[in-house]
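Colleague: Attaching a single structure in structure tokens format; questions to follow.
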Number of protein chains: 2
Amino acid sequence: MTDAAPSDTFLAIDWGTTNRRVYRIASGMVEQTERDDRGILSVPSGEFPAEVAGIRQRMGDLPILCAGMVGSNRGWVEIPYVDCPADLQSLSAGIVWVESGRTAIVPGVATRAGGHADVMRGEEVQLLGAVAAGLVPPSALLCQPGTHCKWATLDDGAITGFATAMTGELFALMQKHSLLASQMTADVRPGADFDRGVNDATDEALLTRLFNVRADFVTGLRADDSGVASYVSGLLIGTDVRAQHVVGRDAYVLADPQLGSLYATAIDAAGGHARLIDSHAAFIGGITSIWNSLL
Amino acid sequence: MTDAAPSDTFLAIDWGTTNRRVYRIASGMVEQTERDDRGILSVPSGEFPAEVAGIRQRMGDLPILCAGMVGSNRGWVEIPYVDCPADLQSLSAGIVWVESGRTAIVPGVATRAGGHADVMRGEEVQLLGAVAAGLVPPSALLCQPGTHCKWATLDDGAITGFATAMTGELFALMQKHSLLASQMTADVRPGADFDRGVNDATDEALLTRLFNVRADFVTGLRADDSGVASYVSGLLIGTDVRAQHVVGRDAYVLADPQLGSLYATAIDAAGGHARLIDSHAAFIGGITSIWNSLL
């Protein structure tokens with residue numbers, strides 16, 4: 001490789017709404033990484049070029065490939081979605097160069113199945129990257145927990161369908177603003193309270209089970225609020241998982257270990273087989289594959 | 001009836017968390033009524049006697065029978081719940097005089113079925129009053145929509161079981177604080193958007209359908225936000241109703257006409273038969289029956 005040729009060394013940015021993570025990748029290996037809270041909402045319109053200039057100063061004067069909400073209408077430039085079925089080739093074909101030959105953004109993916117639209121930006125790189133990195137078979141059910149939990153079906157290395165559940169957002173609303181807020185002060189933990197919430201999700205009476213928590217306190221059935229957040233988390237995650245029909249299926253979970261293990265518990269309780277996958281390795285696998293296709 | 005004998009003329013107060021309604025009732029007929037926002041949260045501890053003194057100045061120096069959250073731990077005096085099965089006789093037996101011979105509070109009702117506690121304060125007077133007033137048969141399924149929607153089973157004139165759904169509170173959380181808040185500005189109305197929400201509740205994917213609304217905007221599938229609040233209301237009310245197994249059953253709905261008709265639509269869509277009942281007449285029937293039992 002000469003100095004003038006395209007290089008397999010580049011900077012990858014997983015640029016979300018609230019947070020941002022940058023990797024310097026050479027030949028598919030991470031050489032350096034940094035994480036901060038400079039998500040797109042903290043970057044004023046027009047200051048994205050200055051942001052990537054700062055990143056290049058810190059991490060090297062290299063080409064940059066971005067994924068995530070940076071490609072939304074609140075980001076740098078709005079990049080059109082690629083429709084399902086979407087694979088690494090269609091993502092590569094949909095890339096937009098926002099600084100010619102220097103900085104590019106990967107498109108998100110959209111679906112319009114059954115009259116309901118759904119969208120993702122950033123998750124598609126992890127989903128397809130998990131296959132590229134050999135962590136997941138080419139046809140599989142994958143789950144990415146979070147504020148907006150994604151459930152994706154991959155067939156032969158392409159995302160053929162997906163659904164987003166507002167699970168994490170609803171938990172945050174309950175914790176901050178609901179009748180139960182004052183009791184939801186402890187951390188969510190695996191254990192008996194979480195398990196009971198998952199189990200109570202089976203009767204599809206979510207709206208009632210939430211009120212029962214309050215009534216348990218009022219009647220003295222519950223005196224201690226240390227398990228309330230865990231119970232509510234179990235109820236919501238259990239409801240989320242049971243809508244996905246995981247019975248008898250492997251479900252590959254891309255998440256940090258804590259949230260991943262909560263989802264794994266709920267998936268196994270619903271009759272599925274949870275498999276925890278390293279979401280960072282999946283992202284690196286995906287973004288490297290896309291970059292290599294551009295060389 | 002002499003001046004010294006107990007009178008069938010009294011003041012009834014339906015005293016809730018936010019609002020309060022007072023009736024002067026003589027021989028079961030409403031002679032005068034007033035409604036204001038002096039719910040229990042706006043009455044400082046210790047000022048309940050002054051409140052009822054003011055009411056007597058305006059509406060007559062009469063004995064007072066109160067129902068509702070005024071009997072909770074944030075109210076005047078905490079009145080112990082009566083357990084299910086609860087009928088008008090057990091409510092009468094559980095009354096507490098907070099001003100001797102002058103002012104009394106009706107107890108609420110609690111249940112602990114299936115390991116889940118549930119509670120009501122105020123609704124029990126309407127539920128049992130609907131039967132006392134001849135509006136509902138002695139064995140029936142009743143629904144009281146609201147912030148915390150009550151579903152009660154009556155057998156032979158007694159509340160034998162009930163469940164509270166956090167339907168109205170969850171709608172308010174979505175409208176005020178969620179990702180969809182900026183699109184939920186229009187009023188909830190019956191019609192195509194509400195009906196579509198009710199219909200979409202059938203697949204038990206509530207958490208996903210909420211996110212679909214956002215994705216519909218992002219992808220251009222939906223451009224106009226006038227129907228979003230109605231759709232979300234339909235989703236939540238539809239989810240609430242379908243958890244109650246109303247198929248083939250009469251469901252008596254005690255609510256104002258607007259909210260009542262939304263629930264009626266969802267009940268009929270779920271295969272039940274909604275019957276709208278006048279909730280004020282039910283309250284008057286219940287509180288008068290309890291008062292008469294004290295004479």
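How things are named: the first chain in the structure tokens is A, the next is B, and so on; residues count from 1 in each chain; ligands count from 1 in the order shown.
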Show me, as an mmCIF file with C-alpha atoms, in the first residue's frame, the residues that have an atom within 6 Å of stretch 119-128 of chain A when counting only C-alpha atoms, minus same-chain residues fewer than 4 positions from it.
Modeller:
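The result, stored in result_33.cif:
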data_model
loop_
_atom_site.group_PDB
_atom_site.id
_atom_site.type_symbol
_atom_site.label_atom_id
_atom_site.label_comp_id
_atom_site.auth_asym_id
_atom_site.auth_seq_id
_atom_site.Cartn_x
_atom_site.Cartn_y
_atom_site.Cartn_z
ATOM 1 C CA ALA A 67 -23.238 5.974 11.479
ATOM 2 C CA GLY A 68 -26.246 6.837 13.599
ATOM 3 C CA MET A 69 -28.483 9.837 14.215
ATOM 4 C CA GLY A 108 -30.333 4.161 8.198
ATOM 5 C CA VAL A 109 -32.896 1.492 7.336
ATOM 6 C CA ALA A 110 -36.688 1.807 7.021
ATOM 7 C CA ALA A 282 -20.496 -6.146 16.031
ATOM 8 C CA PHE A 283 -20.188 -2.416 15.264
ATOM 9 C CA GLY A 286 -20.032 -3.807 10.345
ATOM 10 C CA ALA B 215 -41.581 6.409 12.334
#
Colleague: If the cut-off is 6 Å, can you tell me the residues of chain A near chain B, counting only C-alpha atoms? I'd like them as a list in words.
Modeller: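 Residues satisfying the distance criterion: His116, Ala117, Asp118, Val119, Thr164, Ala165, Met166, Ala205, Leu207, Thr208, Phe211, Asn212, Ala215, Asp216 and Ala243 of chain A.
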Colleague: Contacts of A:Ala229 at 6 Å or less, counting only C-alpha atoms, minus same-chain residues fewer than 3 places along, as a compact mmCIF listing (two decimals) with N, CA, C and O atoms, in the first residue's frame?
Modeller:
# COMPACT_ATOMS: atom_id res chain seq x y z
N MET A 184 -39.62 4.38 42.64
CA MET A 184 -38.70 3.78 41.66
C MET A 184 -37.32 4.42 41.76
O MET A 184 -36.75 4.85 40.76
N VAL A 188 -32.18 -0.91 38.85
CA VAL A 188 -32.74 -2.16 38.36
C VAL A 188 -31.69 -3.26 38.49
O VAL A 188 -30.55 -3.06 38.08
N VAL A 232 -40.92 -3.13 37.80
CA VAL A 232 -41.47 -2.41 36.64
C VAL A 232 -40.64 -2.69 35.39
O VAL A 232 -41.19 -2.90 34.29
Colleague: Please identify which residues in stretch 84-143 of chain A DSSP calls strand (DSSP E or B) from the backbone, and express them as a list in words.
Modeller: Ala86, Val96, Trp97, Val98, Glu99, Thr103, Ala104, Ile105, Val109, Ala110, Thr111, Arg112, Ala113, His116, Ala117, Asp118, Val119, Met120, Ala140, Leu141, Leu142 and Cys143 of chain A
Colleague: Let me see the file: selected residues, N, CA, C and O atoms, as a CSV table (one decimal), in the first residue's frame.
Modeller:
chain,number,residue,atom,x,y,z
A,86,ALA,N,-32.3,-4.9,3.6
A,86,ALA,CA,-31.0,-4.1,3.5
A,86,ALA,C,-29.9,-5.0,4.0
A,86,ALA,O,-29.9,-5.6,5.0
A,96,VAL,N,-23.5,8.7,1.9
A,96,VAL,CA,-23.4,10.1,1.4
A,96,VAL,C,-22.1,10.7,1.9
A,96,VAL,O,-21.8,10.7,3.1
A,97,TRP,N,-21.3,11.3,1.0
A,97,TRP,CA,-20.0,12.0,1.4
A,97,TRP,C,-20.4,13.4,1.7
A,97,TRP,O,-20.8,14.2,0.9
A,98,VAL,N,-20.2,13.8,3.0
A,98,VAL,CA,-20.6,15.1,3.4
A,98,VAL,C,-19.3,16.1,3.4
A,98,VAL,O,-19.5,17.3,3.4
A,99,GLU,N,-18.1,15.4,3.3
A,99,GLU,CA,-16.9,16.2,3.0
A,99,GLU,C,-16.2,15.3,1.9
A,99,GLU,O,-15.8,14.1,2.2
A,103,THR,N,-15.2,12.5,4.6
A,103,THR,CA,-16.2,12.2,5.6
A,103,THR,C,-17.5,11.7,5.0
A,103,THR,O,-18.1,12.4,4.2
A,104,ALA,N,-17.9,10.5,5.4
A,104,ALA,CA,-19.1,9.9,4.8
A,104,ALA,C,-20.0,9.5,6.0
A,104,ALA,O,-19.6,9.2,7.1
A,105,ILE,N,-21.4,9.4,5.6
A,105,ILE,CA,-22.4,8.9,6.6
A,105,ILE,C,-23.1,7.7,6.0
A,105,ILE,O,-23.6,7.8,4.9
A,109,VAL,N,-32.0,2.5,8.0
A,109,VAL,CA,-32.9,1.5,7.3
A,109,VAL,C,-34.3,1.8,7.7
A,109,VAL,O,-34.6,2.1,8.9
A,110,ALA,N,-35.3,1.6,6.8
A,110,ALA,CA,-36.7,1.8,7.0
A,110,ALA,C,-37.5,0.6,6.6
A,110,ALA,O,-37.0,-0.2,5.7
A,111,THR,N,-38.6,0.3,7.2
A,111,THR,CA,-39.5,-0.7,6.8
A,111,THR,C,-40.9,-0.2,6.8
A,111,THR,O,-41.2,0.7,7.6
A,112,ARG,N,-41.8,-0.7,6.0
A,112,ARG,CA,-43.2,-0.3,6.0
A,112,ARG,C,-44.1,-1.5,5.9
A,112,ARG,O,-44.9,-1.7,5.1
A,113,ALA,N,-43.8,-2.5,6.8
A,113,ALA,CA,-44.6,-3.7,6.8
A,113,ALA,C,-45.9,-3.6,7.5
A,113,ALA,O,-46.0,-3.0,8.6
A,116,HIS,N,-47.3,-0.2,9.0
A,116,HIS,CA,-46.7,0.5,10.0
A,116,HIS,C,-45.2,0.8,9.6
A,116,HIS,O,-44.5,-0.2,9.3
A,117,ALA,N,-44.8,2.0,9.7
A,117,ALA,CA,-43.4,2.4,9.4
A,117,ALA,C,-42.6,2.1,10.6
A,117,ALA,O,-43.0,2.2,11.7
A,118,ASP,N,-41.3,1.8,10.3
A,118,ASP,CA,-40.3,1.7,11.4
A,118,ASP,C,-39.0,2.1,10.8
A,118,ASP,O,-38.8,2.0,9.6
A,119,VAL,N,-38.1,2.7,11.7
A,119,VAL,CA,-36.9,3.2,11.2
A,119,VAL,C,-35.7,2.9,12.2
A,119,VAL,O,-36.0,2.8,13.4
A,120,MET,N,-34.5,2.9,11.7
A,120,MET,CA,-33.3,2.8,12.6
A,120,MET,C,-32.2,3.5,12.0
A,120,MET,O,-32.1,3.7,10.7
A,140,ALA,N,-31.2,-15.0,11.4
A,140,ALA,CA,-31.3,-15.0,12.8
A,140,ALA,C,-32.2,-13.9,13.3
A,140,ALA,O,-32.6,-13.0,12.6
A,141,LEU,N,-32.7,-14.0,14.6
A,141,LEU,CA,-33.5,-13.0,15.2
A,141,LEU,C,-32.5,-12.3,16.2
A,141,LEU,O,-31.8,-12.9,17.0
A,142,LEU,N,-32.4,-10.9,16.0
A,142,LEU,CA,-31.5,-10.1,16.9
A,142,LEU,C,-32.3,-9.1,17.6
A,142,LEU,O,-33.3,-8.6,17.2
A,143,CYS,N,-31.8,-8.7,18.8
A,143,CYS,CA,-32.4,-7.8,19.7
A,143,CYS,C,-31.4,-6.8,20.2
A,143,CYS,O,-30.3,-7.2,20.6
Colleague: Name all residues at most 8 Å from B:Arg21 (count only C-alpha atoms; drop same-chain ones fewer than 2 positions away) and give them as a PDB file with N, CA and C atoms, in the first residue's frame.
Modeller:
ATOM      1  N   ILE B  13     -70.645  14.627  49.603  1.00  0.00           N
ATOM      2  CA  ILE B  13     -69.459  15.163  48.915  1.00  0.00           C
ATOM      3  C   ILE B  13     -68.702  14.023  48.235  1.00  0.00           C
ATOM      4  N   ASP B  14     -68.553  14.133  46.940  1.00  0.00           N
ATOM      5  CA  ASP B  14     -67.688  13.219  46.179  1.00  0.00           C
ATOM      6  C   ASP B  14     -66.343  13.945  46.095  1.00  0.00           C
ATOM      7  N   TRP B  15     -65.433  13.599  47.032  1.00  0.00           N
ATOM      8  CA  TRP B  15     -64.238  14.413  47.291  1.00  0.00           C
ATOM      9  C   TRP B  15     -62.991  13.681  46.783  1.00  0.00           C
ATOM     10  N   ASN B  19     -60.601  17.250  42.218  1.00  0.00           N
ATOM     11  CA  ASN B  19     -61.891  17.939  42.174  1.00  0.00           C
ATOM     12  C   ASN B  19     -62.786  17.493  43.321  1.00  0.00           C
ATOM     13  N   TYR B  23     -73.440  17.772  46.786  1.00  0.00           N
ATOM     14  CA  TYR B  23     -74.865  17.703  46.459  1.00  0.00           C
ATOM     15  C   TYR B  23     -75.668  17.903  47.744  1.00  0.00           C
ATOM     16  N   THR B  33     -76.325  21.636  43.812  1.00  0.00           N
ATOM     17  CA  THR B  33     -75.015  21.009  43.637  1.00  0.00           C
ATOM     18  C   THR B  33     -73.985  22.081  43.319  1.00  0.00           C
ATOM     19  N   GLU B  34     -72.742  21.830  43.698  1.00  0.00           N
ATOM     20  CA  GLU B  34     -71.651  22.697  43.282  1.00  0.00           C
ATOM     21  C   GLU B  34     -70.419  21.842  42.995  1.00  0.00           C
ATOM     22  N   ARG B  35     -69.605  22.312  42.079  1.00  0.00           N
ATOM     23  CA  ARG B  35     -68.390  21.590  41.731  1.00  0.00           C
ATOM     24  C   ARG B  35     -67.239  22.571  41.710  1.00  0.00           C
ATOM     25  N   ASP B  36     -66.093  22.183  42.302  1.00  0.00           N
ATOM     26  CA  ASP B  36     -64.916  23.051  42.242  1.00  0.00           C
ATOM     27  C   ASP B  36     -63.650  22.191  42.229  1.00  0.00           C
TER      28      ASP B  36
END
Colleague: If we count only C-alpha atoms, what is near A:Ala186 at a cut-off of 12 Å, once residues fewer than 4 positions away on the same chain are taken out, given as an MDAnalysis selection string?
Modeller: chainID A and resid 175 181:182 193 224:233
Colleague: By how many Å are atom CA of A:Asp83 and atom CA of A:Ile290 apart?
Modeller: 17.0 Å
Colleague: How many Å lie between atom CA of B:Asp61 and atom CA of B:Ser293, rounded to one decimal?
Modeller: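 Result for atom CA of B:Asp61 versus atom CA of B:Ser293: 20.7 Å, one decimal.
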Colleague: Please list as an mmCIF file with C-alpha atoms, in the first residue's frame every residue within 10 Å of stretch 256-263 of chain B, counting only C-alpha atoms and excluding residues in the same chain fewer than 3 positions away.
Modeller:
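around-v3.cif written:
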data_model
loop_
_atom_site.group_PDB
_atom_site.id
_atom_site.type_symbol
_atom_site.label_atom_id
_atom_site.label_comp_id
_atom_site.auth_asym_id
_atom_site.auth_seq_id
_atom_site.Cartn_x
_atom_site.Cartn_y
_atom_site.Cartn_z
ATOM 1 C CA CYS B 143 -66.172 0.045 33.977
ATOM 2 C CA GLN B 144 -65.269 3.520 35.260
ATOM 3 C CA PRO B 145 -62.806 5.156 32.855
ATOM 4 C CA GLY B 146 -60.425 7.848 34.072
ATOM 5 C CA VAL B 188 -58.978 13.054 21.353
ATOM 6 C CA ARG B 189 -62.003 12.434 19.128
ATOM 7 C CA PRO B 190 -64.006 9.394 18.061
ATOM 8 C CA GLY B 191 -63.406 8.473 14.434
ATOM 9 C CA PHE B 194 -59.203 6.329 17.384
ATOM 10 C CA ASP B 195 -60.645 3.227 15.683
ATOM 11 C CA VAL B 198 -58.261 0.277 19.003
ATOM 12 C CA SER B 230 -56.770 10.027 19.084
ATOM 13 C CA SER B 233 -55.836 7.017 23.020
ATOM 14 C CA GLY B 234 -57.324 4.224 20.908
ATOM 15 C CA ILE B 237 -58.020 2.156 25.657
ATOM 16 C CA GLY B 238 -58.044 -0.804 23.260
ATOM 17 C CA ASP B 240 -57.079 -1.753 28.496
ATOM 18 C CA VAL B 241 -60.390 -3.217 27.234
ATOM 19 C CA ALA B 251 -70.093 -3.946 30.107
ATOM 20 C CA TYR B 252 -71.726 -1.010 31.919
ATOM 21 C CA VAL B 253 -69.669 2.162 31.503
ATOM 22 C CA ALA B 266 -63.436 -0.125 22.231
ATOM 23 C CA ILE B 267 -65.684 -2.534 24.174
ATOM 24 C CA ASP B 268 -67.855 -3.198 21.139
ATOM 25 C CA ALA B 269 -64.747 -3.639 18.957
ATOM 26 C CA ALA B 274 -71.206 -1.505 26.034
ATOM 27 C CA ARG B 275 -74.025 0.112 28.036
ATOM 28 C CA LEU B 276 -73.533 3.759 28.998
ATOM 29 C CA ILE B 277 -74.753 4.658 32.505
ATOM 30 C CA ASP B 278 -75.187 8.091 34.102
ATOM 31 C CA SER B 279 -72.392 8.198 36.682
ATOM 32 C CA HIS B 280 -73.947 11.094 38.645
#
Colleague: DSSP on the backbone, helix (DSSP H, G or I) only: what residues of stretch 24-245 of chain B does that give? Format it as a PyMOL selection string.
Modeller: chain B and resi 40-42+48-59+69-71+88-93+113-115+123-132+167-177+181-183+192-203+206-218+228-242
Colleague: Give me the residues within 8 Å of B:Phe10 as a list in words, counting only C-alpha atoms and dropping any in the same chain fewer than 5 places off.
Modeller: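 Once the nearby chain positions are removed, what remains is Arg24, Ile25, Ala26, Leu62, Pro63, Ile64 and Leu65 of chain B.
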